[in-house]
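With mmCIF, C-alpha atoms inside, this is query.cif:
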```cif
data_protein
#
loop_
_atom_site.label_atom_id
_atom_site.label_comp_id
_atom_site.auth_asym_id
_atom_site.auth_seq_id
_atom_site.Cartn_x
_atom_site.Cartn_y
_atom_site.Cartn_z
CA MET A 1 -50.62 -24.55 22.29
CA THR A 2 -47.45 -25.51 20.40
CA PRO A 3 -45.69 -22.37 19.13
CA ASN A 4 -45.60 -21.98 15.35
CA PRO A 5 -41.88 -22.01 14.44
CA ILE A 6 -42.44 -20.03 11.25
CA LEU A 7 -44.27 -17.25 13.08
CA LYS A 8 -41.52 -17.29 15.71
CA VAL A 9 -38.96 -16.59 12.98
CA LEU A 10 -41.08 -13.90 11.32
CA SER A 11 -42.00 -12.18 14.58
CA THR A 12 -38.33 -12.10 15.57
CA LEU A 13 -37.40 -10.51 12.25
CA SER A 14 -40.21 -7.99 12.65
CA ARG A 15 -39.32 -7.12 16.23
CA ASN A 16 -35.72 -6.47 15.19
CA ARG A 17 -36.96 -4.23 12.36
CA VAL A 18 -35.31 -6.31 9.65
CA ARG A 19 -36.20 -5.30 6.11
CA TYR A 20 -37.08 -8.70 4.70
CA LEU A 21 -39.62 -10.24 2.34
CA LEU A 22 -40.92 -13.77 2.73
CA MET A 23 -40.66 -15.90 -0.41
CA GLY A 24 -40.52 -19.63 -1.20
CA GLY A 25 -42.96 -22.24 0.02
CA GLN A 26 -44.16 -20.28 3.05
CA ALA A 27 -45.12 -17.31 0.86
CA CYS A 28 -47.04 -19.71 -1.40
CA VAL A 29 -49.10 -20.77 1.63
CA PHE A 30 -50.15 -17.16 2.23
CA TYR A 31 -51.17 -16.81 -1.43
CA GLY A 32 -53.44 -19.83 -1.23
CA ALA A 33 -51.23 -22.33 -3.08
CA ALA A 34 -50.31 -24.50 -0.11
CA GLU A 35 -46.84 -26.01 0.05
CA PHE A 36 -45.40 -27.71 3.11
CA SER A 37 -41.93 -26.48 3.95
CA ARG A 38 -39.68 -26.55 6.99
CA ASP A 39 -37.65 -23.69 5.53
CA THR A 40 -38.19 -19.97 5.83
CA ASP A 41 -36.85 -18.31 2.67
CA ILE A 42 -36.35 -14.56 2.78
CA VAL A 43 -34.86 -11.85 0.60
CA VAL A 44 -33.27 -9.01 2.55
CA LEU A 45 -31.82 -5.58 1.97
CA ALA A 46 -28.05 -6.15 2.06
CA ALA A 47 -27.25 -2.77 3.61
CA ALA A 48 -24.94 -2.78 6.65
CA GLU A 49 -27.55 -1.51 9.13
CA ASN A 50 -30.14 -4.03 7.98
CA LEU A 51 -27.66 -6.90 8.13
CA ASP A 52 -26.81 -5.86 11.70
CA ARG A 53 -30.51 -6.11 12.54
CA LEU A 54 -30.68 -9.49 10.82
CA SER A 55 -27.66 -10.65 12.85
CA ALA A 56 -29.44 -9.64 16.05
CA ALA A 57 -32.56 -11.56 15.03
CA LEU A 58 -30.51 -14.65 14.12
CA GLU A 59 -28.71 -14.50 17.44
CA GLU A 60 -32.05 -14.35 19.24
CA LEU A 61 -33.18 -17.41 17.27
CA GLN A 62 -29.91 -19.17 18.16
CA ALA A 63 -29.32 -19.66 14.45
CA GLU A 64 -26.02 -20.97 13.14
CA CYS A 65 -24.70 -20.72 9.60
CA ILE A 66 -24.76 -24.33 8.39
CA ALA A 67 -22.92 -24.24 5.07
CA VAL A 68 -20.80 -22.14 2.76
CA PRO A 69 -20.78 -19.30 2.00
CA PRO A 70 -20.34 -17.45 5.30
CA PHE A 71 -22.70 -14.66 6.33
CA GLU A 72 -21.13 -11.73 4.46
CA ALA A 73 -22.68 -8.96 2.37
CA ALA A 74 -20.33 -9.67 -0.54
CA PHE A 75 -21.76 -13.18 -1.01
CA LEU A 76 -25.35 -11.93 -0.73
CA ASN A 77 -24.69 -9.24 -3.33
CA ARG A 78 -23.31 -11.83 -5.76
CA GLY A 79 -26.55 -13.82 -5.56
CA HIS A 80 -25.64 -16.56 -3.09
CA ALA A 81 -28.06 -18.01 -0.55
CA ILE A 82 -26.80 -18.13 3.04
CA ARG A 83 -28.33 -20.87 5.17
CA PHE A 84 -28.95 -20.99 8.91
CA ARG A 85 -30.41 -23.54 11.34
CA CYS A 86 -32.36 -22.34 14.38
CA HIS A 87 -31.84 -23.87 17.83
CA HIS A 88 -34.28 -21.72 19.82
CA ARG A 89 -36.82 -24.03 21.48
CA GLU A 90 -39.73 -22.30 19.70
CA ALA A 91 -38.13 -22.65 16.26
CA SER A 92 -35.91 -25.70 16.75
CA GLY A 93 -34.74 -27.20 13.48
CA MET A 94 -36.20 -24.42 11.35
CA ARG A 95 -33.91 -23.50 8.46
CA ILE A 96 -33.65 -19.92 7.29
CA ASP A 97 -32.34 -19.27 3.78
CA VAL A 98 -31.31 -15.66 3.18
CA MET A 99 -30.77 -13.99 -0.19
CA SER A 100 -30.61 -10.41 -1.42
CA VAL A 101 -30.43 -10.90 -5.21
CA LEU A 102 -32.87 -13.05 -7.21
CA ARG A 103 -32.59 -14.04 -10.85
CA GLY A 104 -35.02 -12.20 -13.11
CA VAL A 105 -36.38 -10.10 -10.24
CA PRO A 106 -35.76 -6.36 -9.60
CA ALA A 107 -33.58 -4.91 -6.85
CA PHE A 108 -34.78 -5.06 -3.25
CA ASP A 109 -35.93 -1.42 -3.11
CA ILE A 110 -38.42 -2.09 -5.90
CA LEU A 111 -39.55 -5.35 -4.31
CA TRP A 112 -40.09 -3.53 -1.03
CA GLU A 113 -42.26 -0.85 -2.65
CA ARG A 114 -44.69 -3.40 -4.07
CA ARG A 115 -44.65 -5.87 -1.19
CA VAL A 116 -47.78 -7.25 0.50
CA THR A 117 -48.06 -6.70 4.26
CA LEU A 118 -50.18 -9.05 6.38
CA GLN A 119 -50.88 -9.05 10.09
CA ASP A 120 -51.27 -12.23 12.10
CA PRO A 121 -53.54 -12.57 15.19
CA SER A 122 -50.64 -11.62 17.47
CA ASP A 123 -50.21 -8.33 15.55
CA THR A 124 -46.96 -9.44 13.92
CA GLN A 125 -46.53 -7.83 10.52
CA ILE A 126 -45.49 -10.29 7.81
CA GLN A 127 -43.84 -8.81 4.73
CA LEU A 128 -44.49 -10.86 1.59
CA LEU A 129 -42.90 -10.76 -1.82
CA ALA A 130 -45.57 -9.53 -4.24
CA LEU A 131 -47.21 -12.34 -6.19
CA SER A 132 -45.78 -11.15 -9.52
CA ASP A 133 -42.27 -11.19 -8.06
CA LEU A 134 -42.79 -14.53 -6.32
CA VAL A 135 -43.84 -16.06 -9.65
CA LYS A 136 -40.67 -14.79 -11.34
CA ALA A 137 -38.51 -16.02 -8.46
CA LYS A 138 -40.07 -19.50 -8.73
CA LYS A 139 -38.91 -19.98 -12.33
CA THR A 140 -36.03 -22.25 -11.38
CA GLN A 141 -34.52 -25.54 -12.51
CA ARG A 142 -36.25 -27.40 -9.66
CA ASP A 143 -39.06 -29.78 -10.61
CA LYS A 144 -41.21 -28.84 -7.62
CA ASP A 145 -41.42 -25.15 -8.52
CA TRP A 146 -43.33 -25.52 -11.78
CA PRO A 147 -46.50 -27.15 -10.41
CA MET A 148 -46.41 -24.49 -7.68
CA LEU A 149 -46.23 -21.71 -10.29
CA ARG A 150 -49.31 -23.16 -11.93
CA ARG A 151 -51.21 -23.33 -8.64
CA LEU A 152 -50.23 -19.77 -7.64
CA ILE A 153 -51.80 -18.30 -10.76
CA GLU A 154 -54.83 -20.60 -10.63
CA ALA A 155 -55.50 -19.59 -7.01
CA ASP A 156 -55.20 -15.90 -7.89
CA ILE A 157 -57.62 -16.25 -10.81
CA VAL A 158 -60.18 -18.15 -8.74
CA GLN A 159 -60.00 -15.56 -5.98
CA HIS A 160 -60.10 -12.41 -8.12
CA ARG A 161 -61.68 -13.34 -11.46
CA ALA A 162 -64.83 -11.29 -10.88
CA THR A 163 -63.11 -8.08 -9.76
CA ALA A 164 -59.67 -8.12 -11.40
CA PRO A 165 -58.44 -4.87 -12.95
CA GLN A 166 -56.87 -4.91 -16.40
CA THR A 167 -53.35 -4.96 -14.97
CA GLN A 168 -54.10 -8.20 -13.11
CA ILE A 169 -55.69 -9.79 -16.18
CA ARG A 170 -52.58 -8.96 -18.19
CA PHE A 171 -50.46 -10.53 -15.44
CA TRP A 172 -52.50 -13.73 -15.72
CA LEU A 173 -52.05 -13.77 -19.50
CA GLU A 174 -48.31 -13.29 -19.06
CA GLU A 175 -47.88 -16.00 -16.42
CA CYS A 176 -50.72 -18.54 -16.49
CA ARG A 177 -49.44 -22.09 -17.12
CA SER A 178 -52.75 -24.01 -17.29
CA PRO A 179 -53.70 -24.57 -20.97
CA GLY A 180 -57.48 -24.64 -20.51
CA LEU A 181 -57.49 -21.63 -18.21
CA LEU A 182 -55.15 -19.70 -20.49
CA MET A 183 -57.36 -20.37 -23.52
CA ASP A 184 -60.39 -19.15 -21.57
CA LEU A 185 -58.54 -15.99 -20.55
CA ALA A 186 -57.45 -15.35 -24.14
CA LYS A 187 -61.03 -15.80 -25.36
CA ARG A 188 -62.45 -13.43 -22.75
CA HIS A 189 -59.69 -10.83 -23.18
CA GLU A 190 -58.68 -11.30 -26.80
CA GLN A 191 -57.38 -7.77 -27.36
CA ALA A 192 -55.05 -7.90 -24.34
CA ALA A 193 -53.92 -11.42 -25.34
CA ALA A 194 -53.16 -10.26 -28.90
CA GLU A 195 -51.11 -7.33 -27.59
CA LEU A 196 -49.14 -9.53 -25.19
CA ALA A 197 -48.47 -12.16 -27.86
CA ALA A 198 -45.61 -9.95 -29.01
CA VAL A 199 -43.75 -10.81 -25.78
CA ARG A 200 -45.36 -14.21 -25.09
CA PRO A 201 -45.92 -15.80 -28.51
CA LEU A 202 -47.65 -18.89 -27.13
CA LEU A 203 -50.69 -16.67 -26.53
CA ARG A 204 -51.40 -16.99 -30.26
CA CYS A 205 -52.04 -20.70 -29.64
CA ALA A 206 -54.35 -19.78 -26.75
CA ILE A 207 -56.27 -17.31 -28.95
CA ARG A 208 -56.72 -20.00 -31.65
CA GLY A 209 -57.82 -22.53 -29.02
CA ASP A 210 -55.09 -24.96 -30.09
CA GLU A 211 -54.56 -26.82 -26.81
CA ASN A 212 -51.95 -29.27 -28.12
CA ALA A 213 -49.76 -26.54 -29.55
CA LEU A 214 -50.25 -24.46 -26.41
CA SER A 215 -49.20 -27.34 -24.14
CA GLU A 216 -46.06 -27.89 -26.23
CA ALA A 217 -45.24 -24.16 -26.14
CA LEU A 218 -45.68 -24.04 -22.36
CA THR A 219 -43.27 -26.98 -22.01
CA ALA A 220 -40.73 -25.23 -24.25
CA GLU A 221 -41.11 -22.02 -22.23
CA GLU A 222 -40.47 -23.96 -19.01
CA GLN A 223 -37.38 -25.65 -20.44
CA GLU A 224 -35.99 -22.29 -21.54
CA GLN A 225 -36.38 -20.89 -18.02
CA ARG A 226 -34.85 -24.01 -16.44
CA ALA A 227 -31.82 -23.66 -18.73
CA ALA A 228 -31.47 -19.96 -17.88
CA ASP A 229 -31.56 -20.79 -14.17
CA ARG A 230 -28.89 -23.48 -14.56
CA ALA A 231 -26.67 -21.02 -16.43
CA TYR A 232 -27.21 -18.37 -13.74
CA TRP A 233 -26.25 -20.71 -10.90
CA ALA A 234 -23.30 -22.43 -12.61
CA PRO A 235 -20.62 -19.85 -11.63
CA LEU A 236 -22.12 -19.48 -8.14
CA LYS A 237 -21.98 -23.25 -7.61
CA ALA A 238 -18.37 -23.27 -8.82
CA GLU A 239 -17.53 -20.59 -6.26
CA LEU A 240 -19.18 -22.66 -3.51
CA GLU A 241 -17.11 -25.69 -4.49
CA GLN A 242 -13.95 -23.60 -4.18
CA LEU A 243 -15.06 -22.42 -0.74
CA ARG A 244 -15.77 -26.00 0.39
CA HIS A 245 -12.41 -27.13 -0.92
CA SER A 246 -10.53 -24.33 0.86
CA ARG A 247 -12.42 -25.07 4.08
CA ARG A 248 -11.36 -28.76 3.91
#
```

I need this file expressed as C-alpha cells, please.
Amino acid sequence: MTPNPILKVLSTLSRNRVRYLLMGGQACVFYGAAEFSRDTDIVVLAAAENLDRLSAALEELQAECIAVPPFEAAFLNRGHAIRFRCHHREASGMRIDVMSVLRGVPAFDILWERRVTLQDPSDTQIQLLALSDLVKAKKTQRDKDWPMLRRLIEADIVQHRATAPQTQIRFWLEECRSPGLLMDLAKRHEQAAAELAAVRPLLRCAIRGDENALSEALTAEEQEQRAADRAYWAPLKAELEQLRHSRR
C-alpha cells in the first residue's frame, strides 16, 4: 500500500512530541468539508523546546526551508508563515507551512486547550484546530477560503443538528454563510438570533426572512474580512520583500 504522505508528516510530528495543531485544507477534510491539498498547514507553540522538537521532526522528514523567512522564532512570533518541502520518500514533495500566530485567533495555549484530538488506525494522534478557530483562521483574502467556510458550517449543521447544545447553535448563527440555512436557524432559534444580532447585524435580515438583503449583507461581511486580512498581511509582505532583496 502506498504510504499516505500527510499521515507520515503527522505521525512524525507526533512521535517527536511536537505541540502542533493541524489547520488549512487537511483539517477541513477531517471536519467533513473535503478539500484537496498537497500542503500540511500547522500552527505550533513557538517556545524554544517545542521548536527544537519541530526541528528534529523536519530533519527526519528531510524537509528544507524553501523560501523567506528563515526558520526562526522571531519570524513566527511576528505572524509569518515558514515553508518547508519534504524529501523523505514517504512524504516526497509534501509542503509543510508552519505558523504560530493567526489573525483573529487566540494565542496557541488557548487553541491547544480547545483542540480536537483524533486517532488514526495506526494509533497516531492527530491534533486538530477546533472548528470555531479553523473558521476564524479561514477568513482570509483568498477566494478559495470562502466557499470552504460555507461548507465547514453546513457540514457541522448536517452532522449535529439534532443534538447540538445551545453553544453550538449560537456558533452556527455567528458563522453560517448560507442564506437559506441561516434563515432557517434564525426562525428555529429566534431568541438566540435576536441576541446575537447586536454583534452580527445581518441576523436581523435572517429573522425577517429577507433573503436578498441577507445575501448582500453576507457579501459585505466577507469583503470587510478580506480587507482586514489584506491590511494584516501588508507589513509582513513588505518585510518578506526586504528579506528577498537582501538575499539577492

Contact residues around Cys176 in chain A with all atoms listed in the file at 12 Å, ignoring same-chain residues under 2 positions, as a ChimeraX atom specification | /A:132,135-136,146-157,168-174,178-186,193,200,202-203,206,214-215,218,221-222

Have a look at A:Met99, A:Ala46, A:Ala164, A:Ala91 and name the one nearest to Thr12 in chain A; count all atoms listed in the file.
->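 Ranking A:Met99, A:Ala46, A:Ala164, A:Ala91 by distance to Thr12 in chain A, first place goes to A:Ala91.
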
Evaluated on this file, the PyMOL selection byres ((chain A and resi 65) around 12) picks out some residues - which ones are they, written as a short mmCIF file (atom, residue, chain, number, x, y, z; two decimals) with C-alpha atoms, keeping the file's coordinate frame?
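Heads up, here's the output in expr-v7.cif:
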```
data_model
loop_
_atom_site.label_atom_id
_atom_site.label_comp_id
_atom_site.auth_asym_id
_atom_site.auth_seq_id
_atom_site.Cartn_x
_atom_site.Cartn_y
_atom_site.Cartn_z
CA SER A 55 -27.66 -10.65 12.85
CA LEU A 58 -30.51 -14.65 14.12
CA GLU A 59 -28.71 -14.50 17.44
CA LEU A 61 -33.18 -17.41 17.27
CA GLN A 62 -29.91 -19.17 18.16
CA ALA A 63 -29.32 -19.66 14.45
CA GLU A 64 -26.02 -20.97 13.14
CA ILE A 66 -24.76 -24.33 8.39
CA ALA A 67 -22.92 -24.24 5.07
CA VAL A 68 -20.80 -22.14 2.76
CA PRO A 69 -20.78 -19.30 2.00
CA PRO A 70 -20.34 -17.45 5.30
CA PHE A 71 -22.70 -14.66 6.33
CA GLU A 72 -21.13 -11.73 4.46
CA ALA A 81 -28.06 -18.01 -0.55
CA ILE A 82 -26.80 -18.13 3.04
CA ARG A 83 -28.33 -20.87 5.17
CA PHE A 84 -28.95 -20.99 8.91
CA ARG A 85 -30.41 -23.54 11.34
CA CYS A 86 -32.36 -22.34 14.38
CA HIS A 87 -31.84 -23.87 17.83
CA ARG A 95 -33.91 -23.50 8.46
CA ILE A 96 -33.65 -19.92 7.29
CA ASP A 97 -32.34 -19.27 3.78
CA VAL A 98 -31.31 -15.66 3.18
#
```

Find the residue from A:Ile110, A:Ala192, A:Ala33, A:Ala137 that sits nearest to Arg226 in chain A; use only C-alpha atoms when measuring.
->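 Distance minimum relative to Arg226 in chain A lands on A:Ala137.
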
Counting only C-alpha atoms, what is within 12 Å of Glu49 in chain A, bar same-chain residues fewer than 6 positions away, as a list in words?
->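 Listed by chain and then number, they are Asn16, Arg17, Val18, Arg19, Ser55, Ala56 and Ala73 of chain A.
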
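Considering the residues A:Gly25, A:Gly79, A:Pro106, A:Pro201 and counting all atoms listed in the file, Ala220 in chain A has its shortest atom-to-atom contact with A:Pro201.
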
Return as a list in words the set of residues that the PyMOL selection byres ((chain A and resi 116) around 8) yields on the displayed structure.
->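 Taken over the shown coordinates, the PyMOL selection byres ((chain A and resi 116) around 8) returns Arg114, Arg115, Thr117, Leu118, Gln127, Leu128, Leu129 and Ala130 of chain A.
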
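Distances to Ala228 in chain A were evaluated for A:Arg103, A:Asp210, A:Arg204, A:Gln159 using only C-alpha atoms, and the minimum falls at A:Arg103.
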
Please write as a ChimeraX atom specification the full residue list that the PyMOL selection byres ((chain A and resi 233) around 12) yields on this file.
-> /A:78-81,102-103,140-141,226-232,234-240

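Taking CA of Leu134 in chain A and CA of Ala27 in chain A as endpoints, the distance between them is 8.0 Å.
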
Find the distance between CA of Leu196 in chain A and CA of Val29 in chain A and write it in Å to one decimal.
->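 Taking CA of Leu196 in chain A and CA of Val29 in chain A, their separation equals 29.1 Å.
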
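Nearest residue to Arg38 in chain A among A:Leu54, A:Ser100, A:Arg15, A:Gly93 is A:Gly93, counting all atoms listed in the file.
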
Pick the closest to Gln191 in chain A from A:Ala213, A:Asp39, A:Arg177, A:Gln166: which is it, counting all atoms listed in the file?
->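 Result for the nearest residue to Gln191 in chain A: A:Gln166.
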
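Coordinates place CA of Ala74 in chain A at a distance of 26.5 Å from CA of Ile126 in chain A.
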